[in-house]
Amino acid sequence: MSLDLAGLRDAVARHGPLVRVVVAAAQGSAPREPGAAMLVHPDTFEGTIGGGALEFEALAEARRRLASGAPDGVARYPLGPALAQCCGGAATLAFERWDAATLAALPDPQATPLHARPLGATSQIPLAMRALQKAARSGKGAEFLFLPGDPPWLAEPLTPALTPLWVWGAGHVGRAVVRVFEGLPFAVTWIDDAPGRYPADIAPHVRVLPAPDMAAAAALAPADAAHLVMTYSHAMDLEIVHALLARGAFARLGVIGSASKAARFGGRLAALGHDRQAIARMDCPIGLAGPEGLKGGKAPAEIAVSVAADHLRWRASRGVALRAGGGAE
């Protein structure tokens, strides 16, 4: 999770000072993960920390702090009988007041991609925070971190860790896929060779890339991108897949279709010079696999939901693997 600067600036501009509530830590079963946040105004709020009694109590506490001018701080909420919840865990929430002045004092995300701060007065920076700041400045990744203490410290990335997702084709399935990825941790690039094929209303999470030669546009994709190929033409799909495999620099490659299409593509790609190992990197059909999956559903919305669920699962497993290897996504 990251600090949503654009959303925060917009909320302050529209409503004035607010209190931001962040899940700083979660023990056991909890409604939301560390980093989840909501923005609380006197008469409304945006975002969620999981709903239910915990969120109700957090809203009341945030509004009390907003009205009284109370200093930033944290509170721990056991998720048991006191809140009429049966989660059995506990959530530590951070309460921070934000206004135009605190926004203006934020570091430049390009220079310092991490916002580390005490939730109280202090002149000492904990060693763990120093190490995290140094790693972020050196490009090793900015991570969420909460350190309890007197005062407690909170660190949040200033830019979201989004996985690049390139969707090839703006037909019915492409539109459904792009819609369902809204709000998910992916930066979507949408490619088609006909600008008129895109819908009039395109969500902010999408970057449109009209490309008369779509196969040539494959060279523009970042090396860590996932690709979903679903154009109007099997021949075009094959050209794009051929270009991506020839380049070799991608995280994942999915092609809409059936097992028979996968077999035909395998033969044609082999004839184009790709070896068996390279061709095996292509997923076709796309979506969740196994008896619990939705492979086989042909309605655009069904395909989109299955593909999004599959990519969320893949992204989570990839993050675990990268962390185990000492890297960060």
# chains A, B, ... in the order shown; residues from 1 in each chain; ligands from 1

$ select_by_dssp --residues "range 47-168 of chain A" --states "strand (DSSP E or B)" --output "count of residues only"
35

$ residues_around --residues "Leu228 in chain A" --least-positions-apart "4" --cutoff "9 Å" --atoms "only C-alpha atoms" --output "ChimeraX atom specification"
/A:165-169,174,252-256,286

$ residues_around --residues "Val206 in chain A" --least-positions-apart "6" --cutoff "9 Å" --atoms "only C-alpha atoms" --output "number ranges by chain"
A: 178, 182, 187-190

$ select_by_dssp --residues "range 122-183 of chain A" --states "alpha helix (DSSP H)" --output "list of chain:residue names"
A:Leu127, A:Ala128, A:Met129, A:Arg130, A:Ala131, A:Leu132, A:Gln133, A:Lys134, A:Ala135, A:Ala136, A:Arg137, A:His172, A:Val173, A:Gly174, A:Arg175, A:Ala176, A:Val177, A:Val178, A:Arg179, A:Val180

$ write_last_selection --atoms "N, CA and C atoms" --output "short mmCIF file (atom, residue, chain, number, x, y, z; two decimals), in the first residue's frame"
data_model
loop_
_atom_site.label_atom_id
_atom_site.label_comp_id
_atom_site.auth_asym_id
_atom_site.auth_seq_id
_atom_site.Cartn_x
_atom_site.Cartn_y
_atom_site.Cartn_z
N LEU A 127 16.83 3.52 13.98
CA LEU A 127 17.76 2.93 13.01
C LEU A 127 17.02 2.20 11.90
N ALA A 128 15.93 1.52 12.24
CA ALA A 128 15.17 0.79 11.22
C ALA A 128 14.61 1.74 10.18
N MET A 129 14.18 2.92 10.62
CA MET A 129 13.66 3.91 9.68
C MET A 129 14.78 4.48 8.81
N ARG A 130 15.93 4.71 9.42
CA ARG A 130 17.08 5.20 8.64
C ARG A 130 17.45 4.20 7.53
N ALA A 131 17.46 2.92 7.90
CA ALA A 131 17.81 1.89 6.92
C ALA A 131 16.77 1.82 5.80
N LEU A 132 15.49 1.96 6.16
CA LEU A 132 14.43 1.91 5.15
C LEU A 132 14.52 3.10 4.21
N GLN A 133 14.80 4.28 4.77
CA GLN A 133 14.94 5.48 3.94
C GLN A 133 16.13 5.35 2.99
N LYS A 134 17.24 4.83 3.49
CA LYS A 134 18.44 4.67 2.66
C LYS A 134 18.16 3.70 1.51
N ALA A 135 17.47 2.59 1.82
CA ALA A 135 17.15 1.61 0.77
C ALA A 135 16.23 2.22 -0.28
N ALA A 136 15.25 3.01 0.15
CA ALA A 136 14.31 3.63 -0.79
C ALA A 136 15.03 4.62 -1.70
N ARG A 137 15.93 5.41 -1.12
CA ARG A 137 16.65 6.41 -1.93
C ARG A 137 17.59 5.75 -2.93
N HIS A 172 -14.86 -6.32 -27.27
CA HIS A 172 -15.77 -6.55 -26.14
C HIS A 172 -15.03 -7.13 -24.93
N VAL A 173 -14.17 -8.11 -25.15
CA VAL A 173 -13.46 -8.72 -24.03
C VAL A 173 -12.41 -7.76 -23.48
N GLY A 174 -11.70 -7.08 -24.36
CA GLY A 174 -10.71 -6.11 -23.90
C GLY A 174 -11.35 -5.04 -23.03
N ARG A 175 -12.51 -4.56 -23.42
CA ARG A 175 -13.21 -3.54 -22.62
C ARG A 175 -13.59 -4.09 -21.25
N ALA A 176 -14.12 -5.31 -21.23
CA ALA A 176 -14.52 -5.91 -19.95
C ALA A 176 -13.31 -6.12 -19.04
N VAL A 177 -12.20 -6.56 -19.62
CA VAL A 177 -10.99 -6.79 -18.83
C VAL A 177 -10.47 -5.48 -18.24
N VAL A 178 -10.39 -4.45 -19.05
CA VAL A 178 -9.89 -3.16 -18.57
C VAL A 178 -10.78 -2.62 -17.46
N ARG A 179 -12.09 -2.77 -17.60
CA ARG A 179 -13.02 -2.29 -16.56
C ARG A 179 -12.79 -3.00 -15.24
N VAL A 180 -12.63 -4.31 -15.28
CA VAL A 180 -12.56 -5.07 -14.04
C VAL A 180 -11.24 -4.84 -13.30
#

$ closest_residue --among "A:Pro17, A:Gly35, A:Pro164, A:Pro118" --to "Gly69 in chain A" --atoms "only C-alpha atoms"
A:Pro17

$ residues_around --residues "Val74 in chain A" --least-positions-apart "6" --cutoff "6 Å" --atoms "only C-alpha atoms" --output "JSON, numbers by chain"
{"A": [93, 94, 95]}

$ write_last_selection --atoms "N, CA and C atoms" --output "PDB file, in the first residue's frame"
ATOM      1  N   LEU A  93      -4.529   1.430  14.670  1.00  0.00           N
ATOM      2  CA  LEU A  93      -4.848   2.476  13.707  1.00  0.00           C
ATOM      3  C   LEU A  93      -4.060   3.737  14.005  1.00  0.00           C
ATOM      4  N   ALA A  94      -3.530   4.345  12.960  1.00  0.00           N
ATOM      5  CA  ALA A  94      -2.850   5.639  13.078  1.00  0.00           C
ATOM      6  C   ALA A  94      -3.812   6.732  12.632  1.00  0.00           C
ATOM      7  N   PHE A  95      -3.832   7.837  13.387  1.00  0.00           N
ATOM      8  CA  PHE A  95      -4.687   8.982  13.080  1.00  0.00           C
ATOM      9  C   PHE A  95      -3.790  10.185  12.822  1.00  0.00           C
TER      10      PHE A  95
END

$ residues_around --residues "Asp192 in chain A" --least-positions-apart "3" --cutoff "12 Å" --atoms "only C-alpha atoms" --output "ChimeraX atom specification"
/A:166-171,174-175,189,195-199,207-218,229-233,236-237,240

$ write_last_selection --atoms "C-alpha atoms" --output "compact mmCIF listing (two decimals), in the first residue's frame"
# COMPACT_ATOMS: atom_id res chain seq x y z
CA TRP A 166 -0.61 -4.43 -21.27
CA VAL A 167 -3.99 -5.29 -22.75
CA TRP A 168 -3.87 -5.82 -26.52
CA GLY A 169 -7.23 -5.20 -28.18
CA ALA A 170 -10.19 -2.91 -27.44
CA GLY A 171 -13.01 -5.24 -28.42
CA GLY A 174 -10.71 -6.11 -23.90
CA ARG A 175 -13.21 -3.54 -22.62
CA THR A 189 -1.74 0.16 -20.91
CA PRO A 195 -8.40 4.79 -32.02
CA GLY A 196 -12.14 4.70 -32.72
CA ARG A 197 -12.39 1.27 -31.10
CA TYR A 198 -11.81 2.69 -27.61
CA PRO A 199 -14.86 3.70 -25.55
CA ARG A 207 -3.10 4.64 -20.43
CA VAL A 208 -4.31 4.42 -24.02
CA LEU A 209 -1.72 3.57 -26.67
CA PRO A 210 -3.08 3.63 -30.24
CA ALA A 211 -0.59 1.76 -32.43
CA PRO A 212 -1.04 1.29 -36.19
CA ASP A 213 1.55 -1.51 -35.96
CA MET A 214 0.70 -3.31 -32.74
CA ALA A 215 3.42 -5.93 -33.05
CA ALA A 216 6.05 -3.18 -33.27
CA ALA A 217 4.60 -1.60 -30.11
CA ALA A 218 5.69 -4.69 -28.16
CA VAL A 229 -3.45 -10.52 -26.08
CA MET A 230 -7.08 -10.40 -27.29
CA THR A 231 -7.32 -8.54 -30.59
CA TYR A 232 -9.93 -8.89 -33.34
CA SER A 233 -7.67 -11.19 -35.38
CA MET A 236 -2.69 -10.19 -35.25
CA ASP A 237 -2.57 -12.11 -31.97
CA ILE A 240 2.09 -9.78 -31.18

$ atom_distance --atom1 "CA of Asp224 in chain A" --atom2 "CA of His242 in chain A"
17.5 Å

$ residues_around --residues "Asp310 in chain A" --least-positions-apart "2" --cutoff "9 Å" --atoms "only C-alpha atoms" --output "list in words"
Ile286, Gly287, Leu288, Ala289, Gly293, Val305, Ser306, Val307, Ala308, Leu312, Arg313, Trp314 and Arg315 of chain A

$ closest_residue --among "A:Thr102, A:Gln27, A:Ser258, A:Gln110" --to "Tyr77 in chain A" --atoms "only C-alpha atoms"
A:Gln27

$ closest_residue --among "A:Pro300, A:Trp98, A:Pro31, A:Leu154" --to "Arg117 in chain A" --atoms "only C-alpha atoms"
A:Leu154

$ atom_distance --atom1 "CA of Ala70 in chain A" --atom2 "CA of Pro151 in chain A"
14.8 Å

$ atom_distance --atom1 "CA of Val22 in chain A" --atom2 "CA of Ile202 in chain A"
29.5 Å

$ residues_around --residues "Leu39 in chain A" --least-positions-apart "3" --cutoff "7 Å" --atoms "only C-alpha atoms" --output "PyMOL selection string"
chain A and resi 18-21+45-47

$ write_last_selection --atoms "C-alpha atoms" --output "JSON list (two decimals), in the first residue's frame"
[["chain", "number", "residue", "atom", "x", "y", "z"],
["A", 18, "LEU", "CA", -9.08, 16.04, 7.39],
["A", 19, "VAL", "CA", -7.92, 13.10, 9.48],
["A", 20, "ARG", "CA", -6.41, 10.16, 7.62],
["A", 21, "VAL", "CA", -6.88, 6.81, 9.35],
["A", 45, "PHE", "CA", -15.41, 10.05, 4.42],
["A", 46, "GLU", "CA", -13.59, 8.30, 1.57],
["A", 47, "GLY", "CA", -12.02, 4.86, 1.48]]

$ closest_residue --among "A:Arg32, A:His15, A:Arg281, A:Arg64" --to "Thr92 in chain A" --atoms "only C-alpha atoms"
A:Arg32

$ closest_residue --among "A:Ala262, A:Leu245, A:Leu103, A:Leu162" --to "Asp275 in chain A" --atoms "only C-alpha atoms"
A:Leu245
